[in-house]
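Asker: The following file, coords_12.txt, comprises compact mmCIF, C-alpha atoms and all ligand atoms:
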```
# COMPACT_ATOMS: atom_id res chain seq x y z
CA MET T 286 6.31 27.00 -45.70
CA GLY T 287 7.37 30.67 -45.75
CA GLU T 288 10.50 31.92 -47.47
CA ARG T 289 12.23 32.39 -44.13
CA THR T 290 10.96 29.32 -42.31
CA GLY T 291 11.98 27.21 -45.32
CA ARG T 292 15.69 27.96 -44.81
CA SER T 293 17.71 24.93 -43.73
CA ILE T 294 19.27 25.44 -40.31
CA LEU T 295 21.73 23.02 -38.80
CA ILE T 296 22.38 23.35 -35.06
CA ALA T 297 25.47 21.58 -33.69
CA GLY T 298 25.02 20.73 -30.00
CA ALA T 299 21.93 19.84 -27.96
CA GLY T 300 22.98 21.29 -24.61
CA PRO T 301 20.76 24.00 -23.07
CA THR T 302 21.76 26.50 -25.80
CA GLY T 303 21.07 24.24 -28.81
CA LEU T 304 17.82 22.98 -27.28
CA ALA T 305 16.54 26.49 -26.50
CA LEU T 306 17.47 27.66 -30.01
CA ALA T 307 15.69 24.74 -31.68
CA LEU T 308 12.64 25.34 -29.48
CA GLU T 309 12.47 29.08 -30.17
CA LEU T 310 12.80 28.42 -33.92
CA ALA T 311 10.28 25.56 -33.88
CA ARG T 312 7.58 27.63 -32.17
CA ARG T 313 7.96 30.18 -34.98
CA GLY T 314 7.45 27.56 -37.69
CA PHE T 315 11.08 26.66 -38.52
CA ARG T 316 12.26 23.02 -38.78
CA PRO T 317 15.90 23.16 -37.64
CA ARG T 318 18.03 20.03 -37.66
CA LEU T 319 19.70 19.46 -34.29
CA VAL T 320 22.68 17.11 -33.98
CA SER T 321 24.69 16.36 -30.88
CA ARG T 322 27.83 14.37 -30.16
CA ALA T 323 26.40 13.34 -26.77
CA ALA T 324 24.26 10.20 -26.55
CA GLY T 325 21.55 12.12 -24.65
CA PRO T 326 20.97 15.05 -22.27
CA ALA T 327 23.37 15.75 -19.37
CA PRO T 328 23.10 13.07 -16.63
CA ILE T 329 20.92 14.48 -13.82
CA ASN T 330 23.49 13.53 -11.17
CA GLU T 331 26.25 15.41 -12.99
CA SER T 332 24.47 18.69 -13.56
CA ARG T 333 26.90 21.57 -13.92
CA ALA T 334 24.43 24.47 -13.90
CA LEU T 335 21.93 24.71 -11.05
CA GLY T 336 20.58 28.24 -11.45
CA VAL T 337 17.81 29.31 -13.83
CA ASN T 338 17.34 33.08 -13.69
CA ALA T 339 14.30 35.32 -14.15
CA ARG T 340 15.46 36.49 -17.60
CA THR T 341 15.57 32.89 -18.81
CA MET T 342 12.08 32.33 -17.39
CA THR T 343 10.77 35.35 -19.32
CA LEU T 344 12.47 34.17 -22.51
CA LEU T 345 11.14 30.62 -22.30
CA GLU T 346 7.57 31.58 -21.39
CA ALA T 347 6.15 31.52 -24.93
CA SER T 348 7.44 28.01 -25.59
CA GLY T 349 5.79 26.71 -22.42
CA ALA T 350 9.16 25.70 -20.91
CA SER T 351 9.01 28.23 -18.03
CA ALA T 352 5.79 26.78 -16.67
CA ARG T 353 7.48 23.37 -16.52
CA ILE T 354 10.59 24.83 -14.86
CA LEU T 355 8.41 26.65 -12.35
CA ALA T 356 6.67 23.40 -11.43
CA ASP T 357 9.94 21.55 -10.76
CA ALA T 358 12.45 24.16 -9.58
CA ARG T 359 13.07 25.53 -6.10
CA ARG T 360 12.84 29.26 -5.38
CA LEU T 361 15.95 30.75 -3.86
CA THR T 362 14.69 33.22 -1.30
CA LYS T 363 17.98 34.19 0.34
CA PHE T 364 21.71 34.50 -0.29
CA LYS T 365 23.76 34.36 2.88
CA ILE T 366 27.40 35.19 3.47
CA CYS T 367 28.93 33.90 6.71
CA SER T 368 32.28 33.65 8.41
CA ALA T 369 33.12 31.35 11.33
CA SER T 370 29.38 30.49 11.67
CA LYS T 371 28.52 34.19 11.98
CA LEU T 372 26.03 35.59 9.48
CA LEU T 373 27.57 38.68 7.84
CA LEU T 374 25.12 39.50 5.04
CA THR T 375 21.72 38.34 3.84
CA ILE T 376 20.24 39.28 0.49
CA ASP T 377 16.52 38.68 0.51
CA THR T 378 15.28 37.83 -2.98
CA GLU T 379 11.62 38.36 -1.97
CA THR T 380 12.20 42.11 -2.36
CA PHE T 381 12.63 41.59 -6.12
CA ARG T 382 9.68 42.90 -8.14
CA GLY T 383 8.44 40.94 -11.11
CA PRO T 384 6.55 37.78 -12.03
CA TYR T 385 9.52 35.53 -11.22
CA CYS T 386 11.92 35.01 -8.38
CA PRO T 387 15.43 36.28 -9.43
CA ILE T 388 16.80 32.74 -9.55
CA TYR T 389 15.55 29.17 -9.20
CA ALA T 390 17.50 26.02 -8.49
CA LEU T 391 17.08 23.21 -11.01
CA PRO T 392 19.81 20.77 -12.09
CA GLN T 393 20.93 21.33 -15.68
CA GLY T 394 20.03 17.72 -16.59
CA GLU T 395 16.41 18.42 -15.59
CA THR T 396 16.32 21.75 -17.44
CA GLU T 397 17.57 19.98 -20.58
CA ARG T 398 14.89 17.28 -20.22
CA LEU T 399 12.15 19.91 -19.87
CA LEU T 400 13.39 21.69 -23.01
CA LEU T 401 13.47 18.35 -24.82
CA GLN T 402 9.87 17.62 -23.84
CA ARG T 403 8.70 20.97 -25.20
CA LEU T 404 10.71 20.46 -28.38
CA SER T 405 9.18 17.06 -28.99
CA ALA T 406 5.74 18.74 -28.89
CA PHE T 407 6.86 20.45 -32.13
CA GLY T 408 7.94 17.11 -33.58
CA ILE T 409 11.68 17.87 -33.31
CA ARG T 410 14.12 15.44 -31.73
CA PRO T 411 17.89 15.87 -31.54
CA GLU T 412 19.96 13.38 -33.50
CA TRP T 413 22.10 12.09 -30.64
CA SER T 414 25.55 10.56 -31.17
CA THR T 415 25.85 12.58 -34.37
CA GLN T 416 28.69 15.06 -34.53
CA VAL T 417 29.97 17.78 -36.78
CA GLN T 418 33.24 16.24 -37.90
CA ALA T 419 34.45 18.91 -40.32
CA VAL T 420 33.33 22.17 -41.88
CA SER T 421 34.77 23.23 -45.21
CA GLY T 422 33.91 25.71 -47.94
CA ASP T 423 33.29 29.38 -47.39
CA VAL T 424 31.58 30.65 -44.22
CA ARG T 425 28.87 32.04 -46.52
CA SER T 426 28.12 28.51 -47.80
CA PRO T 427 29.47 26.05 -45.22
CA ILE T 428 29.85 22.41 -46.19
CA VAL T 429 29.38 20.28 -43.09
CA MET T 430 30.47 16.69 -42.68
CA LEU T 431 28.45 14.82 -40.05
CA ARG T 432 29.50 11.53 -38.50
CA HIS T 433 26.70 9.30 -37.24
CA ALA T 434 26.86 6.78 -34.39
CA ASP T 435 27.43 3.88 -36.83
CA GLY T 436 30.47 5.66 -38.32
CA GLN T 437 28.66 6.65 -41.53
CA THR T 438 29.35 10.17 -42.73
CA GLU T 439 26.95 12.57 -44.40
CA THR T 440 27.61 15.87 -46.17
CA VAL T 441 25.15 18.70 -45.50
CA LEU T 442 24.96 22.17 -47.07
CA PRO T 443 22.81 24.19 -44.65
CA ASP T 444 21.69 27.77 -45.32
CA MET T 445 22.82 28.47 -41.76
CA LEU T 446 25.16 26.59 -39.42
CA ILE T 447 24.91 27.35 -35.72
CA GLY T 448 27.62 26.15 -33.35
CA ALA T 449 26.07 25.52 -29.92
CA ASP T 450 28.65 22.81 -29.36
CA GLY T 451 30.13 23.96 -26.07
CA ALA T 452 33.43 25.36 -24.85
CA HIS T 453 35.57 23.18 -27.15
CA SER T 454 33.38 24.00 -30.16
CA ASP T 455 34.45 22.24 -33.35
CA VAL T 456 32.37 24.68 -35.39
CA ARG T 457 34.26 27.62 -33.86
CA LYS T 458 37.63 26.02 -34.60
CA ALA T 459 36.72 24.82 -38.12
CA CYS T 460 35.34 28.22 -39.11
CA GLY T 461 38.34 30.21 -37.93
CA PHE T 462 36.88 32.14 -34.98
CA ALA T 463 39.59 33.26 -32.52
CA PHE T 464 38.83 32.57 -28.83
CA PRO T 465 41.17 34.81 -26.84
CA GLY T 466 41.25 35.01 -23.05
CA ASP T 467 42.96 33.48 -20.06
CA ALA T 468 42.58 30.95 -17.26
CA ILE T 469 42.85 31.75 -13.56
CA GLU T 470 45.18 29.87 -11.25
CA SER T 471 42.65 28.72 -8.64
CA ARG T 472 40.91 25.38 -8.95
CA PHE T 473 37.38 24.77 -7.72
CA PHE T 474 36.12 21.57 -6.13
CA LEU T 475 32.54 20.41 -5.83
CA ALA T 476 30.63 17.61 -4.14
CA ASP T 477 26.89 16.86 -4.26
CA TYR T 478 25.32 15.02 -1.29
CA ARG T 479 22.02 13.18 -0.92
CA TYR T 480 20.42 13.18 2.53
CA ALA T 481 18.05 10.86 4.35
CA GLN T 482 15.50 13.66 4.84
CA PRO T 483 14.48 16.78 2.89
CA VAL T 484 16.77 19.72 3.73
CA ASP T 485 16.32 23.49 3.55
CA THR T 486 16.81 24.34 -0.14
CA SER T 487 15.46 27.89 0.03
CA PHE T 488 18.85 29.60 0.28
CA ALA T 489 22.39 29.66 -1.10
CA GLU T 490 25.26 30.34 1.27
CA MET T 491 28.89 31.31 1.01
CA ASN T 492 31.14 30.72 3.99
CA LEU T 493 34.34 32.80 4.04
CA LEU T 494 36.95 30.43 5.48
CA ASN T 495 39.85 32.85 5.07
CA PRO T 496 41.73 31.42 3.31
CA GLY T 497 39.30 29.96 0.80
CA VAL T 498 35.51 29.82 0.62
CA LEU T 499 32.91 27.09 0.93
CA GLY T 500 29.59 27.52 -0.87
CA ARG T 501 26.36 25.61 -0.20
CA LEU T 502 23.82 25.46 -3.04
CA PRO T 503 20.47 23.69 -3.29
CA VAL T 504 20.13 20.90 -5.86
CA ARG T 505 16.88 19.04 -5.05
CA GLU T 506 14.72 18.67 -1.92
CA ASP T 507 17.14 16.08 -0.48
CA ARG T 508 20.39 17.23 -2.16
CA LEU T 509 22.92 19.98 -1.69
CA ARG T 510 26.05 21.00 -3.56
CA TYR T 511 29.18 22.24 -1.83
CA VAL T 512 31.76 24.17 -3.86
CA SER T 513 35.11 25.30 -2.53
CA THR T 514 38.47 26.71 -3.48
CA ILE T 515 40.04 24.25 -0.98
CA GLU T 516 40.72 20.72 -2.21
CA ASP T 517 40.25 19.06 1.18
CA PHE T 518 36.97 20.87 1.93
CA GLU T 519 34.64 18.00 2.74
CA PRO T 520 35.59 17.63 6.45
CA ARG T 521 34.54 21.28 6.88
CA ILE T 522 30.96 20.71 5.72
CA GLU T 523 28.29 20.94 8.41
CA HIS T 524 25.73 18.53 6.97
CA PRO T 525 22.14 19.47 7.83
CA ALA T 526 20.90 15.84 7.87
CA THR T 527 22.13 12.25 7.68
CA VAL T 528 24.18 11.72 4.54
CA LEU T 529 23.02 8.82 2.36
CA GLU T 530 25.62 9.23 -0.37
CA ARG T 531 27.87 11.61 -2.23
CA THR T 532 26.26 11.61 -5.68
CA TRP T 533 28.97 13.53 -7.58
CA LYS T 534 32.45 14.87 -7.00
CA SER T 535 34.36 16.95 -9.50
CA ASP T 536 36.79 19.79 -9.89
CA PHE T 537 37.23 22.43 -12.52
CA THR T 538 39.39 25.37 -13.51
CA VAL T 539 37.98 28.64 -14.76
CA SER T 540 38.77 30.43 -18.01
CA PHE T 541 37.49 33.75 -19.27
CA ARG T 542 37.31 33.69 -23.06
CA HIS T 543 35.02 35.02 -25.74
CA VAL T 544 35.04 35.20 -29.51
CA GLU T 545 35.51 38.61 -31.11
CA THR T 546 32.48 38.16 -33.34
CA MET T 547 29.61 35.71 -32.88
CA SER T 548 28.98 35.24 -36.59
CA ARG T 549 30.92 34.96 -39.82
CA GLY T 550 28.95 34.65 -43.06
CA ASN T 551 26.21 32.11 -42.39
CA VAL T 552 27.95 30.55 -39.39
CA PHE T 553 26.79 31.63 -35.93
CA LEU T 554 28.02 30.74 -32.44
CA ALA T 555 25.95 30.66 -29.25
CA GLY T 556 26.45 29.67 -25.60
CA ASP T 557 29.73 28.23 -24.35
CA ALA T 558 30.92 27.92 -27.96
CA ALA T 559 31.13 31.72 -27.97
CA HIS T 560 31.99 32.55 -24.35
CA VAL T 561 33.22 30.78 -21.22
CA HIS T 562 33.59 32.20 -17.74
CA SER T 563 33.38 31.31 -14.08
CA PRO T 564 30.17 29.78 -12.66
CA ALA T 565 30.17 32.58 -10.03
CA GLY T 566 26.91 34.44 -10.63
CA ALA T 567 25.29 31.41 -12.32
CA ARG T 568 25.24 33.08 -15.74
CA GLY T 569 26.77 30.51 -18.17
CA MET T 570 23.75 28.44 -19.10
CA ASN T 571 21.42 31.41 -18.78
CA LEU T 572 23.58 33.51 -21.11
CA GLY T 573 23.63 30.67 -23.66
CA ILE T 574 19.84 30.37 -23.54
CA GLU T 575 19.62 34.15 -23.97
CA ASP T 576 21.91 34.03 -27.05
CA ALA T 577 19.70 31.26 -28.45
CA CYS T 578 16.47 33.20 -27.95
CA TRP T 579 17.90 36.38 -29.53
CA LEU T 580 19.29 34.47 -32.49
CA ALA T 581 15.98 32.65 -33.11
CA TRP T 582 14.11 35.98 -33.02
CA LEU T 583 16.60 37.67 -35.35
CA ILE T 584 16.44 34.75 -37.81
CA SER T 585 12.65 34.94 -37.82
CA GLU T 586 12.91 38.66 -38.58
CA GLY T 587 15.51 38.09 -41.33
CA ARG T 588 17.93 40.14 -39.19
CA GLU T 589 20.52 37.51 -38.21
CA ARG T 590 23.26 39.86 -39.46
CA ASP T 591 22.57 41.97 -36.33
CA TYR T 592 23.18 39.04 -33.95
CA SER T 593 26.84 39.61 -33.14
CA LYS T 594 26.43 43.38 -32.84
CA LEU T 595 23.59 42.95 -30.34
CA ARG T 596 25.06 40.12 -28.26
CA MET T 597 28.75 41.02 -27.97
CA PRO T 598 28.24 43.93 -25.51
CA VAL T 599 26.13 41.66 -23.28
CA VAL T 600 28.77 38.92 -23.33
CA LYS T 601 31.48 41.43 -22.42
CA THR T 602 29.43 42.83 -19.51
CA VAL T 603 28.73 39.39 -18.06
CA LEU T 604 32.35 38.29 -18.39
CA LYS T 605 33.54 41.46 -16.66
CA ASP T 606 31.12 40.90 -13.77
CA THR T 607 31.87 37.21 -13.31
CA ARG T 608 35.59 38.01 -13.32
CA ARG T 609 34.97 40.45 -10.46
CA TYR T 610 32.94 37.91 -8.42
CA THR T 611 35.61 35.29 -9.01
CA ALA T 612 38.38 37.63 -7.86
CA PHE T 613 36.33 38.30 -4.72
CA ILE T 614 35.90 34.57 -4.03
CA THR T 615 39.52 33.64 -4.69
CA LEU T 616 41.19 36.37 -2.58
CA LYS T 617 44.23 34.96 -0.76
CA ASN T 618 45.99 37.93 0.83
CA PRO T 619 45.10 37.84 4.61
CA LEU T 620 44.74 41.65 4.72
CA LEU T 621 42.25 41.60 1.87
CA THR T 622 40.29 38.60 3.16
CA GLY T 623 40.13 40.26 6.60
CA GLY T 624 38.86 43.48 4.99
CA ARG T 625 36.30 41.50 3.03
CA THR T 626 34.89 40.01 6.25
CA LEU T 627 34.72 43.44 7.92
CA LEU T 628 33.04 45.13 4.95
CA MET T 629 30.42 42.49 4.28
CA PRO T 630 27.87 43.53 6.97
CA LEU T 631 28.02 47.14 5.69
CA LEU T 632 26.90 46.31 2.17
CA ASN T 633 23.20 46.08 3.06
CA GLN T 634 23.39 49.66 4.31
CA ILE T 635 24.40 50.99 0.89
CA PRO T 636 21.22 52.36 -0.73
CA GLY T 637 20.29 50.30 -3.79
CA PHE T 638 22.81 47.52 -3.07
CA THR T 639 20.24 44.71 -2.80
CA ALA T 640 18.29 45.88 -5.85
CA ALA T 641 21.47 46.11 -7.94
CA ALA T 642 22.68 42.67 -6.79
CA LEU T 643 19.31 41.10 -7.61
CA ARG T 644 19.19 42.72 -11.05
CA LYS T 645 22.46 40.97 -11.87
CA VAL T 646 21.44 37.62 -10.37
CA SER T 647 18.15 37.73 -12.28
CA GLY T 648 19.92 38.47 -15.59
CA GLN T 649 17.99 41.73 -15.90
CA ASP T 650 21.16 43.81 -16.15
CA THR T 651 21.20 43.37 -19.95
CA PRO T 652 18.77 44.72 -22.60
CA PRO T 653 15.32 43.12 -22.39
CA PRO T 654 14.04 41.03 -25.32
CA PRO T 655 12.24 43.49 -27.63
CA TRP T 656 9.85 40.82 -28.93
CA ILE T 657 8.28 40.26 -25.49
CA PRO T 658 5.95 43.10 -24.43
CA ASP T 659 6.74 44.51 -20.96
CA ALA T 660 9.74 42.20 -20.54
CA ARG T 661 12.23 43.21 -17.88
C1 LIG A 1 30.57 23.54 -11.96
C2 LIG A 1 29.76 24.38 -12.90
C3 LIG A 1 28.64 25.00 -12.43
C4 LIG A 1 27.86 25.78 -13.27
N1 LIG A 1 26.75 26.40 -12.76
C5 LIG A 1 26.00 27.18 -13.57
C6 LIG A 1 24.78 27.80 -13.08
O1 LIG A 1 24.39 27.64 -11.93
N2 LIG A 1 24.05 28.55 -13.96
C7 LIG A 1 24.44 28.71 -15.26
O2 LIG A 1 23.74 29.43 -16.00
N3 LIG A 1 25.56 28.11 -15.76
C8 LIG A 1 26.34 27.35 -14.96
N4 LIG A 1 27.44 26.70 -15.47
C9 LIG A 1 27.76 26.81 -16.90
C10 LIG A 1 26.89 25.89 -17.77
O3 LIG A 1 27.00 24.55 -17.38
C11 LIG A 1 27.29 26.04 -19.24
O4 LIG A 1 27.40 27.41 -19.54
C12 LIG A 1 26.25 25.41 -20.16
O5 LIG A 1 26.25 24.00 -20.07
C13 LIG A 1 26.52 25.79 -21.62
O6 LIG A 1 25.54 25.23 -22.44
P1 LIG A 1 25.83 24.98 -23.97
O7 LIG A 1 24.60 24.33 -24.51
O8 LIG A 1 26.30 26.24 -24.59
O9 LIG A 1 27.06 23.96 -24.01
P2 LIG A 1 27.14 22.48 -23.45
O10 LIG A 1 26.24 22.29 -22.28
O11 LIG A 1 28.58 22.18 -23.27
O12 LIG A 1 26.55 21.59 -24.65
C14 LIG A 1 27.26 21.42 -25.85
C15 LIG A 1 26.68 20.24 -26.63
O13 LIG A 1 27.36 20.15 -27.88
C16 LIG A 1 27.69 18.80 -28.14
N5 LIG A 1 28.85 18.77 -29.05
C17 LIG A 1 30.15 19.00 -28.77
N6 LIG A 1 30.90 18.91 -29.89
C18 LIG A 1 30.05 18.63 -30.90
C19 LIG A 1 30.20 18.41 -32.30
N7 LIG A 1 31.39 18.45 -32.91
N8 LIG A 1 29.10 18.14 -33.05
C20 LIG A 1 27.86 18.07 -32.47
N9 LIG A 1 27.67 18.25 -31.15
C21 LIG A 1 28.74 18.54 -30.37
C22 LIG A 1 27.95 18.19 -26.78
O14 LIG A 1 27.76 16.79 -26.81
C23 LIG A 1 26.86 18.90 -25.92
O15 LIG A 1 25.64 18.21 -25.97
C24 LIG A 1 28.25 25.93 -14.63
C25 LIG A 1 29.39 25.29 -15.12
C26 LIG A 1 30.16 24.53 -14.26
C27 LIG A 1 31.41 23.86 -14.78
```
Could you show the structure in this file as structure tokens?
Answerer:
Amino acid sequence: MGERTGRSILIAGAGPTGLALALELARRGFRPRLVSRAAGPAPINESRALGVNARTMTLLEASGASARILADARRLTKFKICSASKLLLTIDTETFRGPYCPIYALPQGETERLLLQRLSAFGIRPEWSTQVQAVSGDVRSPIVMLRHADGQTETVLPDMLIGADGAHSDVRKACGFAFPGDAIESRFFLADYRYAQPVDTSFAEMNLLNPGVLGRLPVREDRLRYVSTIEDFEPRIEHPATVLERTWKSDFTVSFRHVETMSRGNVFLAGDAAHVHSPAGARGMNLGIEDACWLAWLISEGRERDYSKLRMPVVKTVLKDTRRYTAFITLKNPLLTGGRTLLMPLLNQIPGFTAAALRKVSGQDTPPPPWIPDAR
């Protein structure tokens, strides 16, 4: 075991970020320990994230995860914006150049299971129902108390502690990272439906209801998700086939927060533990996986001190963009919503508009991973 790969690394959280981090470390010869409060991966029927972008596919290629994602996910070939059943704007993703489509649809629960499969090929399994209960000591030498499913506690002194433990991160709180930001007023409502026949899952659509919006997103060959800013949105859905059941219904509010530094001493934060924002743009899970891949590479290079410096500008860019998309979606003023409907068909005529939109959707608007030759 090399000097670097011999360092003890404790990862808190086995969501997409923790799993990707463990996988990227494992393929480079590290043996991280991965603990998670959850009893297992996210239930497939309650998958928050649905979009896996081209940047994530590039990042997960070496571990073999992208090939699995490619086999199971659906390509999104079009984004449509409509109003009163009239098509206002189409963004064709087939114009995007590169080995991958800008974004694929795959429920987060399935993505997590594919990452888990690849991880088990390296002999690493998360310790489920095991949580970080407390962190004490100095951030240079954290002392971590774990609580196992049977209530037993264990004290661990890792060389590095990585908090990939989600938006309410205990590692972040215990290690004194501030998490400034704000929440927006609007609530979002979602419902997933299963149909009797396969439906068209090749596109995502946003319907401007003025007031409010109603989005249609592909989930699986026989499932669609509808998301709206209107609580009573379900009667407005035009189902494309016979409904068998509503598989999930939920609502959520949106906050925009990020830490001011992603590391202190030998404690690092990644994914939702370090930044939360609106799902508009489908960046949350992808950004967490990107953090994980950068951190694993930096650790393998002995350069983990550079992590925060390299990732913070990316986090700030993505938060700024998702805030803009969310403001666009949640417009309420009738003058502004009317203007939005009028302007929409003109966007395709702006030179470079489609290319710029697809660069953002694909996650290629941030610096490419330097360890992957020819990465975009
Ligand atoms: C409605 C909705 C739609 C979304 N759509 C998209 C999308 O299309 N694309 C996209 O990229 N993102 C999307 N997101 C965001 C995405 O779901 C999150 O960004 C993503 O789950 C973050 O992954 P994570 O691993 O950082 O955190 P999480 O998925 O929250 O995982 C954290 C893990 O840490 C564990 N944990 C918590 N506390 C502890 C502890 N003390 N000790 C040990 N373990 C602990 C938890 O059990 C969990 O397993 C969406 C979010 C929502 C709400």
Asker: Using all atoms listed in the file, what table do you get, as CSV, when you list each residue of chain T with an atom no more than 7 Å from ligand LIG 1 (chain A), its nearest pair of atoms, and their distance in Å rounded to one decimal, rows by chain then rising number?
Answerer:
```
residue,atom,partner,partner_atom,distance
T:Ala297,CA,A:LIG1,C20,4.4
T:Gly298,CA,A:LIG1,O13,3.2
T:Ala299,CA,A:LIG1,O15,4.5
T:Gly300,CA,A:LIG1,O7,3.4
T:Pro301,CA,A:LIG1,O7,4.1
T:Thr302,CA,A:LIG1,O7,3.8
T:Gly303,CA,A:LIG1,O7,5.6
T:Val320,CA,A:LIG1,C20,5.5
T:Ser321,CA,A:LIG1,N9,3.5
T:Arg322,CA,A:LIG1,N9,4.0
T:Ala323,CA,A:LIG1,O14,3.7
T:Pro326,CA,A:LIG1,O15,6.7
T:Arg333,CA,A:LIG1,C3,4.1
T:Ala334,CA,A:LIG1,C5,3.1
T:Leu335,CA,A:LIG1,O1,3.9
T:Gly336,CA,A:LIG1,O1,3.9
T:Val337,CA,A:LIG1,N2,6.3
T:Thr415,CA,A:LIG1,C20,6.1
T:Gln416,CA,A:LIG1,N8,3.4
T:Val417,CA,A:LIG1,N8,3.8
T:Gln418,CA,A:LIG1,N7,5.8
T:Ala449,CA,A:LIG1,O8,5.4
T:Asp450,CA,A:LIG1,O13,3.3
T:Gly451,CA,A:LIG1,O11,3.7
T:Ala452,CA,A:LIG1,O11,6.0
T:His453,CA,A:LIG1,N6,6.9
T:Ser454,CA,A:LIG1,N6,5.7
T:Asp455,CA,A:LIG1,N7,4.9
T:Val456,CA,A:LIG1,N7,6.8
T:Phe537,CA,A:LIG1,C27,6.4
T:Ala555,CA,A:LIG1,O8,6.4
T:Gly556,CA,A:LIG1,O8,3.6
T:Asp557,CA,A:LIG1,O8,4.0
T:Ala558,CA,A:LIG1,O8,6.0
T:Val561,CA,A:LIG1,O4,6.9
T:Pro564,CA,A:LIG1,C4,4.7
T:Ala567,CA,A:LIG1,N2,3.5
T:Arg568,CA,A:LIG1,O2,4.0
T:Gly569,CA,A:LIG1,O4,3.4
T:Met570,CA,A:LIG1,O2,3.3
T:Asn571,CA,A:LIG1,O2,4.1
T:Leu572,CA,A:LIG1,O2,6.5
T:Gly573,CA,A:LIG1,O8,5.3
```
Asker: Would you list the contacts of segment 613-618 of chain T as a PyMOL selection string, taking every protein, DNA or RNA residue within 12 Å and counting all atoms listed in the file, but skipping same-chain residues closer than 5 positions in sequence?
Answerer: chain T and resi 366+469-473+491-500+512-515+539+563-566+606-608+623-626+629
Asker: Hey, can you check how far atom CA of Val603 of chain T sits from atom CA of Ala577 of chain T?
Answerer: 16.0 Å
Asker: Expressed in Å to a single decimal, how great is the separation between atom CA of Asp377 of chain T and atom CA of Phe638 of chain T?
Answerer: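 Distance between the two atoms: 11.4 Å.
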Asker: Can you tell me, as a ChimeraX atom specification, what residues are no more than 10 Å from Phe364 of chain T when counting all atoms listed in the file, ignoring any on the same chain fewer than 4 positions away?
Answerer: /T:374-378,487-491,502
Asker: Using all atoms listed in the file, find the one residue out of T:Ala305, T:Val420, T:Leu401, T:Ala369 that sits nearest to Pro443 of chain T.
Answerer: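 When distances to Pro443 of chain T are compared using all atoms listed in the file, the smallest one comes from T:Val420.
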Asker: Figure out the distance between atom CA of Ile294 of chain T and atom CA of Asp444 of chain T, please, to one decimal in Å.
Answerer: 6.0 Å
Asker: Nearest to Gly349 of chain T: which of T:Ile584, T:Ala406, T:Leu295, T:Leu632 is it, counting only C-alpha atoms?
Answerer: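 Smallest distance to Gly349 of chain T is found for T:Ala406.
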Asker: Find, counting only C-alpha atoms, the residue in T:Ser293, T:Thr341, T:Asn633, T:Asn330 that gets nearest to Trp533 of chain T.
Answerer: T:Asn330
Asker: Which residue out of T:Ala463, T:Leu643, T:Leu529, T:Ala419 has the minimum interatomic distance to Ala339 of chain T when all atoms listed in the file are used?
Answerer: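 So, comparing all the options, the nearest one is T:Leu643.
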Asker: From the set T:Leu399, T:Ile657, T:Ile428, T:Met445, which residue has the shortest atom-to-atom contact distance to Ala350 of chain T, counting all atoms listed in the file?
Answerer: T:Leu399
Asker: Please provide the set of residues having any atom within 9 Å of Asp357 of chain T, restricted to all atoms listed in the file, with same-chain residues fewer than 5 positions apart removed, written as a count of residues only.
Answerer: 3
Asker: Could you tell me which of T:Asp423, T:Glu379, T:Asp576, T:Asp659 comes closest to Ala459 of chain T if we count all atoms listed in the file?
Answerer: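 Counting all atoms listed in the file, the residue closest to Ala459 of chain T is T:Asp423.
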